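Peer 1: Have a look at this one before I ask anything.
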Amino acid sequence: MVNEMNAAQRKICVGILFGGRSGEHEVSLASAQSILENIDREQYEVVPIGITKEGEWIVGGDPLHMLSAGSASEGCPATLLADPSRRGLWNLQASAGSEPEERAITAVRLAELDVVFPVLHGTYGEDGTVQGLLELAGVPYVGCGVMASAAVMDKAIASDILRAHDLPVAPYVVVKRKAWQQHPARVLEQIEAALPYPVFVKPANLGSSVGISKAHDRGELPAALDRAARYDRKLIVQQGIDAREIEVSVLGNDDPIASVPGEVVPSREFYDYRAKYIDDDSELRIPAPLDERTRERVRKMAIAAYQALDCAGMARADFLLDRVTGKLWINELNTIPGFTQISMYPKLWDATGIAYPELIDRLIELAIERFEDRSRSETSFQVEAEG
C-alpha cells in the first residue's frame, strides 16, 4: 500500500481515520466521505482507515462502504503501534500453537503514514485518546493535541478554563450520573437553585447535539437528565438564553485566524441532531447579518477561546448572541467539527476565501508544522557538572 517511489518524489501518505466507537459514528462517515472526495490525489497517497463501532481498525478495499453497510469482514485488520521506530499501520497475526509460548506474532506493514487526518467525532476520537496514540506512535496528525482535545471535549472543563480566562460562558451546573440516579430530589433542587428555566441538559463529553434536551420546567427536567445520562457519566446543565446562534471557524497553530461569522437558524426549537443532519429546513446564514463591531468582537473572542484552550490546527467556536442585551456568550468549541461540504466549518472558510481542497492542504501543513515544532523539544535531561 505504501508508494514505492523514491522518498524525495513520493506523495505524502495521508491516513484518513473515521468511524469509531461513538454516538457520532455516522456523522464521522459523512465527514470522511467529503474529505476522500476532495483531497488532492496528485499530491497525496490516501489510505482510508475505518474504525468499527466495536473498535476494530480496517484498511484495504473500501472501508467507508464497509462501515456504512455495517460489515467489516472484507477489510484487512490493522494496528497502529505505539512505537515510533515502527511508524505506520501493521497487520498482526498469531501463528498456530497449542500453548501460548509456542505462538509467534507475524507483523506485516500495510502503510507507512506521513500524517493522519482524524475525522472521529465524539468519544474515542475527539477526546484526546487517539491523539495520545498518535503521539506515542510518532505520527503527525491534523487538529488539536491531547490536552486541548480532552479539555474541549469535556464541556464542563472547557467552561471552567474559559471562565478562568475571563471569557463569558453561560451559567451552568455539573451533575454526575451517579448523583442523579441516587439522589434525584437533591439534584433537582441544586439545579433550580442555580438556574432559571429553561435549561439545556447535555452529556458533558459528546457532540453533534447527541443526548441534548431543552427543559422548560421541572416536569421536563428528569427526562432530560435521564436522556443525557445514557451517554455520559457527567452531565452539564446550562442556562437557556434567548439568543441567536453564531459560529466562527478558527485555523492555525500559534497564530490562528478566524473566518467570517455565520449564523444558524434552526428549523426546530434548537439546533438538535435532527435539525443538523436529518431535516433540511434549518438555515445557515453566511456571513451572519451582524454589524461590523459585533463581527470583529466574535472573531476576536473565537481566537481568544482557541488560545485559552491551547487548540491547534482547527476548531469551530459556537456563540450565543443575546437577542435582548446583545451580550455575547461562548457556548462551546469543537476540535473536530463536522467536515462535510455542507458543514459550517468548511462553508465558513469557503466564504472567507479558502476553498475546501485548499483547507485540507492547510490542515495537513499545520499538522506537519506542529509535529516538527514538538520534535524540537528535548526528551532527556542531564545535570551539568559544576565548576
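Going through the C-alpha cells in order, the chains are called A, B, and so on, while each chain numbers its residues from 1 and the ligands are numbered from 1 in the order shown.
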Leaving out Thr335 in chain A and any residue of its chain fewer than 3 positions from it, which residues lie within 8 Å of it when counting only C-alpha atoms, given as a PyMOL selection string?
Peer 2: chain A and resi 126+143-144+149+152-153+311+314-316
Peer 1: Name the residues of range 209-355 of chain A that fall into helix (DSSP H, G or I) according to DSSP on the backbone, using the chain letters and numbers of this document, as a PyMOL selection string.
Peer 2: chain A and resi 221-229+273-277+292-308+344-352
Peer 1: Could you pull the residues within 6 Å of range 19-32 of chain A, counting only C-alpha atoms, minus those fewer than 6 positions along the same chain, as a list in words?
Peer 2: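 So the residues in contact are Gly50, Ile51, Thr52, Lys53, Gly55, Val119, Leu120, His121, Gly122, Thr123, Phe339 and Thr340 of chain A.
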Peer 1: With C-alpha atoms kept, could you save the residues just selected as a PDB file, in the first residue's frame?
Peer 2:
```pdb
ATOM      1  CA  GLY A  50     -12.087   2.707   9.172  1.00  0.00           C
ATOM      2  CA  ILE A  51     -12.801   2.018  12.837  1.00  0.00           C
ATOM      3  CA  THR A  52     -15.854  -0.133  13.531  1.00  0.00           C
ATOM      4  CA  LYS A  53     -18.300   0.545  16.339  1.00  0.00           C
ATOM      5  CA  GLY A  55     -13.132  -0.537  17.797  1.00  0.00           C
ATOM      6  CA  VAL A 119     -12.271  12.606  11.384  1.00  0.00           C
ATOM      7  CA  LEU A 120     -13.530  10.943  14.554  1.00  0.00           C
ATOM      8  CA  HIS A 121     -16.295  12.961  16.162  1.00  0.00           C
ATOM      9  CA  GLY A 122     -17.045  12.357  19.822  1.00  0.00           C
ATOM     10  CA  THR A 123     -15.641   9.831  22.282  1.00  0.00           C
ATOM     11  CA  PHE A 339     -16.396  18.291   7.766  1.00  0.00           C
ATOM     12  CA  THR A 340     -18.915  17.604   5.031  1.00  0.00           C
TER      13      THR A 340
END
```
Peer 1: Using only C-alpha atoms, pick whichever of A:Val108, A:Leu167, A:Leu89, A:Leu366 has the shortest atom-to-atom distance to Glu332 in chain A.
Peer 2: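 Smallest distance to Glu332 in chain A is found for A:Leu167.
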Peer 1: Could you please determine the separation between CA of Ser375 in chain A and CA of Leu136 in chain A in Å, to one decimal place?
Peer 2: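 Between CA of Ser375 in chain A and CA of Leu136 in chain A the gap is 12.3 Å.
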Peer 1: Could you check how far CA of Ser68 in chain A sits from CA of Pro337 in chain A, in Å to one decimal?
Peer 2: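 Separation of CA of Ser68 in chain A and CA of Pro337 in chain A: 20.0 Å.
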Peer 1: Enumerate as a PDB file with N, CA and C atoms, in the first residue's frame all residues of range 118-303 of chain A assigned to strand (DSSP E or B) by DSSP on the backbone, naming them with the chain letters and numbers the document uses.
Peer 2:
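Final file, result-v6.pdb:
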```
ATOM      1  N   PRO A 118      -7.517  12.654  11.525  1.00  0.00           N
ATOM      2  CA  PRO A 118      -8.627  12.034  12.254  1.00  0.00           C
ATOM      3  C   PRO A 118      -9.934  12.772  11.980  1.00  0.00           C
ATOM      4  N   VAL A 119     -10.938  12.038  11.570  1.00  0.00           N
ATOM      5  CA  VAL A 119     -12.271  12.606  11.384  1.00  0.00           C
ATOM      6  C   VAL A 119     -13.206  11.823  12.298  1.00  0.00           C
ATOM      7  N   TYR A 141      -0.427  14.566  13.084  1.00  0.00           N
ATOM      8  CA  TYR A 141      -1.866  14.423  12.881  1.00  0.00           C
ATOM      9  C   TYR A 141      -2.522  15.792  12.843  1.00  0.00           C
ATOM     10  N   VAL A 169     -19.048  32.613  29.618  1.00  0.00           N
ATOM     11  CA  VAL A 169     -19.791  31.379  29.348  1.00  0.00           C
ATOM     12  C   VAL A 169     -21.104  31.452  30.115  1.00  0.00           C
ATOM     13  N   TYR A 172     -23.858  27.543  34.480  1.00  0.00           N
ATOM     14  CA  TYR A 172     -24.042  26.103  34.320  1.00  0.00           C
ATOM     15  C   TYR A 172     -23.878  25.381  35.650  1.00  0.00           C
ATOM     16  N   VAL A 173     -24.410  24.175  35.680  1.00  0.00           N
ATOM     17  CA  VAL A 173     -24.282  23.280  36.832  1.00  0.00           C
ATOM     18  C   VAL A 173     -23.821  21.931  36.301  1.00  0.00           C
ATOM     19  N   VAL A 174     -22.869  21.317  36.985  1.00  0.00           N
ATOM     20  CA  VAL A 174     -22.385  19.994  36.603  1.00  0.00           C
ATOM     21  C   VAL A 174     -23.030  18.948  37.504  1.00  0.00           C
ATOM     22  N   VAL A 175     -23.537  17.895  36.884  1.00  0.00           N
ATOM     23  CA  VAL A 175     -24.214  16.824  37.613  1.00  0.00           C
ATOM     24  C   VAL A 175     -23.572  15.494  37.237  1.00  0.00           C
ATOM     25  N   LYS A 176     -23.254  14.667  38.213  1.00  0.00           N
ATOM     26  CA  LYS A 176     -22.753  13.315  37.944  1.00  0.00           C
ATOM     27  C   LYS A 176     -23.939  12.359  37.805  1.00  0.00           C
ATOM     28  N   VAL A 199     -33.658  25.369  30.699  1.00  0.00           N
ATOM     29  CA  VAL A 199     -32.263  24.954  30.770  1.00  0.00           C
ATOM     30  C   VAL A 199     -32.002  23.920  29.679  1.00  0.00           C
ATOM     31  N   PHE A 200     -30.734  23.835  29.281  1.00  0.00           N
ATOM     32  CA  PHE A 200     -30.305  22.797  28.349  1.00  0.00           C
ATOM     33  C   PHE A 200     -29.511  21.751  29.121  1.00  0.00           C
ATOM     34  N   VAL A 201     -29.840  20.489  28.911  1.00  0.00           N
ATOM     35  CA  VAL A 201     -29.159  19.386  29.580  1.00  0.00           C
ATOM     36  C   VAL A 201     -28.365  18.612  28.518  1.00  0.00           C
ATOM     37  N   LYS A 202     -27.060  18.430  28.774  1.00  0.00           N
ATOM     38  CA  LYS A 202     -26.186  17.820  27.777  1.00  0.00           C
ATOM     39  C   LYS A 202     -25.256  16.792  28.424  1.00  0.00           C
ATOM     40  N   PRO A 203     -24.900  15.733  27.682  1.00  0.00           N
ATOM     41  CA  PRO A 203     -23.755  14.931  28.116  1.00  0.00           C
ATOM     42  C   PRO A 203     -22.517  15.822  28.045  1.00  0.00           C
ATOM     43  N   SER A 213     -31.236  17.938  25.479  1.00  0.00           N
ATOM     44  CA  SER A 213     -32.651  18.275  25.597  1.00  0.00           C
ATOM     45  C   SER A 213     -32.798  19.678  26.176  1.00  0.00           C
ATOM     46  N   LYS A 214     -33.916  20.295  25.856  1.00  0.00           N
ATOM     47  CA  LYS A 214     -34.273  21.573  26.460  1.00  0.00           C
ATOM     48  C   LYS A 214     -35.429  21.325  27.425  1.00  0.00           C
ATOM     49  N   ALA A 215     -35.219  21.686  28.686  1.00  0.00           N
ATOM     50  CA  ALA A 215     -36.259  21.505  29.703  1.00  0.00           C
ATOM     51  C   ALA A 215     -36.846  22.871  30.041  1.00  0.00           C
ATOM     52  N   LYS A 234     -21.004  12.243  33.240  1.00  0.00           N
ATOM     53  CA  LYS A 234     -21.031  13.635  33.679  1.00  0.00           C
ATOM     54  C   LYS A 234     -21.972  14.419  32.775  1.00  0.00           C
ATOM     55  N   LEU A 235     -22.857  15.196  33.393  1.00  0.00           N
ATOM     56  CA  LEU A 235     -23.830  15.991  32.651  1.00  0.00           C
ATOM     57  C   LEU A 235     -23.603  17.457  32.964  1.00  0.00           C
ATOM     58  N   ILE A 236     -23.905  18.313  32.000  1.00  0.00           N
ATOM     59  CA  ILE A 236     -23.832  19.749  32.230  1.00  0.00           C
ATOM     60  C   ILE A 236     -25.200  20.341  31.919  1.00  0.00           C
ATOM     61  N   VAL A 237     -25.690  21.144  32.858  1.00  0.00           N
ATOM     62  CA  VAL A 237     -26.980  21.819  32.701  1.00  0.00           C
ATOM     63  C   VAL A 237     -26.681  23.309  32.554  1.00  0.00           C
ATOM     64  N   GLN A 238     -27.071  23.881  31.414  1.00  0.00           N
ATOM     65  CA  GLN A 238     -26.748  25.273  31.107  1.00  0.00           C
ATOM     66  C   GLN A 238     -28.006  26.124  31.064  1.00  0.00           C
ATOM     67  N   GLN A 239     -27.859  27.345  31.513  1.00  0.00           N
ATOM     68  CA  GLN A 239     -28.982  28.279  31.467  1.00  0.00           C
ATOM     69  C   GLN A 239     -29.397  28.531  30.031  1.00  0.00           C
ATOM     70  N   ALA A 243     -31.335  33.595  22.337  1.00  0.00           N
ATOM     71  CA  ALA A 243     -30.158  34.102  21.624  1.00  0.00           C
ATOM     72  C   ALA A 243     -30.105  33.612  20.185  1.00  0.00           C
ATOM     73  N   ARG A 244     -29.376  34.347  19.387  1.00  0.00           N
ATOM     74  CA  ARG A 244     -29.016  33.905  18.038  1.00  0.00           C
ATOM     75  C   ARG A 244     -27.778  33.012  18.152  1.00  0.00           C
ATOM     76  N   GLU A 245     -27.679  31.986  17.298  1.00  0.00           N
ATOM     77  CA  GLU A 245     -26.554  31.057  17.325  1.00  0.00           C
ATOM     78  C   GLU A 245     -25.540  31.452  16.254  1.00  0.00           C
ATOM     79  N   ILE A 246     -24.376  31.912  16.699  1.00  0.00           N
ATOM     80  CA  ILE A 246     -23.325  32.400  15.816  1.00  0.00           C
ATOM     81  C   ILE A 246     -22.127  31.447  15.885  1.00  0.00           C
ATOM     82  N   GLU A 247     -21.537  31.133  14.738  1.00  0.00           N
ATOM     83  CA  GLU A 247     -20.407  30.216  14.706  1.00  0.00           C
ATOM     84  C   GLU A 247     -19.250  30.822  13.908  1.00  0.00           C
ATOM     85  N   VAL A 248     -18.032  30.508  14.361  1.00  0.00           N
ATOM     86  CA  VAL A 248     -16.812  31.001  13.714  1.00  0.00           C
ATOM     87  C   VAL A 248     -15.839  29.836  13.584  1.00  0.00           C
ATOM     88  N   SER A 249     -15.209  29.707  12.427  1.00  0.00           N
ATOM     89  CA  SER A 249     -14.170  28.695  12.228  1.00  0.00           C
ATOM     90  C   SER A 249     -12.807  29.311  12.505  1.00  0.00           C
ATOM     91  N   VAL A 250     -11.960  28.556  13.196  1.00  0.00           N
ATOM     92  CA  VAL A 250     -10.616  29.013  13.519  1.00  0.00           C
ATOM     93  C   VAL A 250      -9.611  28.032  12.922  1.00  0.00           C
ATOM     94  N   LEU A 251      -8.504  28.571  12.401  1.00  0.00           N
ATOM     95  CA  LEU A 251      -7.500  27.771  11.699  1.00  0.00           C
ATOM     96  C   LEU A 251      -6.118  28.253  12.091  1.00  0.00           C
ATOM     97  N   GLY A 252      -5.229  27.336  12.450  1.00  0.00           N
ATOM     98  CA  GLY A 252      -3.854  27.747  12.725  1.00  0.00           C
ATOM     99  C   GLY A 252      -3.286  27.088  13.960  1.00  0.00           C
ATOM    100  N   ILE A 257      -6.160  32.178  12.755  1.00  0.00           N
ATOM    101  CA  ILE A 257      -7.002  33.162  12.095  1.00  0.00           C
ATOM    102  C   ILE A 257      -8.455  32.709  12.214  1.00  0.00           C
ATOM    103  N   ALA A 258      -9.367  33.678  12.129  1.00  0.00           N
ATOM    104  CA  ALA A 258     -10.793  33.376  12.266  1.00  0.00           C
ATOM    105  C   ALA A 258     -11.520  33.694  10.976  1.00  0.00           C
ATOM    106  N   GLY A 262     -20.835  32.970  10.909  1.00  0.00           N
ATOM    107  CA  GLY A 262     -22.072  32.505  10.302  1.00  0.00           C
ATOM    108  C   GLY A 262     -23.140  32.388  11.353  1.00  0.00           C
ATOM    109  N   GLU A 263     -24.381  32.312  10.926  1.00  0.00           N
ATOM    110  CA  GLU A 263     -25.495  32.170  11.858  1.00  0.00           C
ATOM    111  C   GLU A 263     -26.313  30.944  11.505  1.00  0.00           C
ATOM    112  N   VAL A 264     -26.689  30.196  12.528  1.00  0.00           N
ATOM    113  CA  VAL A 264     -27.565  29.041  12.364  1.00  0.00           C
ATOM    114  C   VAL A 264     -28.976  29.447  12.774  1.00  0.00           C
ATOM    115  N   VAL A 265     -29.912  29.249  11.871  1.00  0.00           N
ATOM    116  CA  VAL A 265     -31.319  29.495  12.186  1.00  0.00           C
ATOM    117  C   VAL A 265     -32.004  28.131  12.131  1.00  0.00           C
ATOM    118  N   GLU A 283     -31.577  26.974   8.402  1.00  0.00           N
ATOM    119  CA  GLU A 283     -30.943  27.950   7.513  1.00  0.00           C
ATOM    120  C   GLU A 283     -29.575  28.333   8.057  1.00  0.00           C
ATOM    121  N   LEU A 284     -28.567  28.329   7.177  1.00  0.00           N
ATOM    122  CA  LEU A 284     -27.230  28.791   7.528  1.00  0.00           C
ATOM    123  C   LEU A 284     -27.000  30.117   6.815  1.00  0.00           C
ATOM    124  N   ARG A 285     -26.827  31.173   7.590  1.00  0.00           N
ATOM    125  CA  ARG A 285     -26.599  32.495   7.002  1.00  0.00           C
ATOM    126  C   ARG A 285     -25.108  32.798   7.037  1.00  0.00           C
TER     127      ARG A 285
END
```
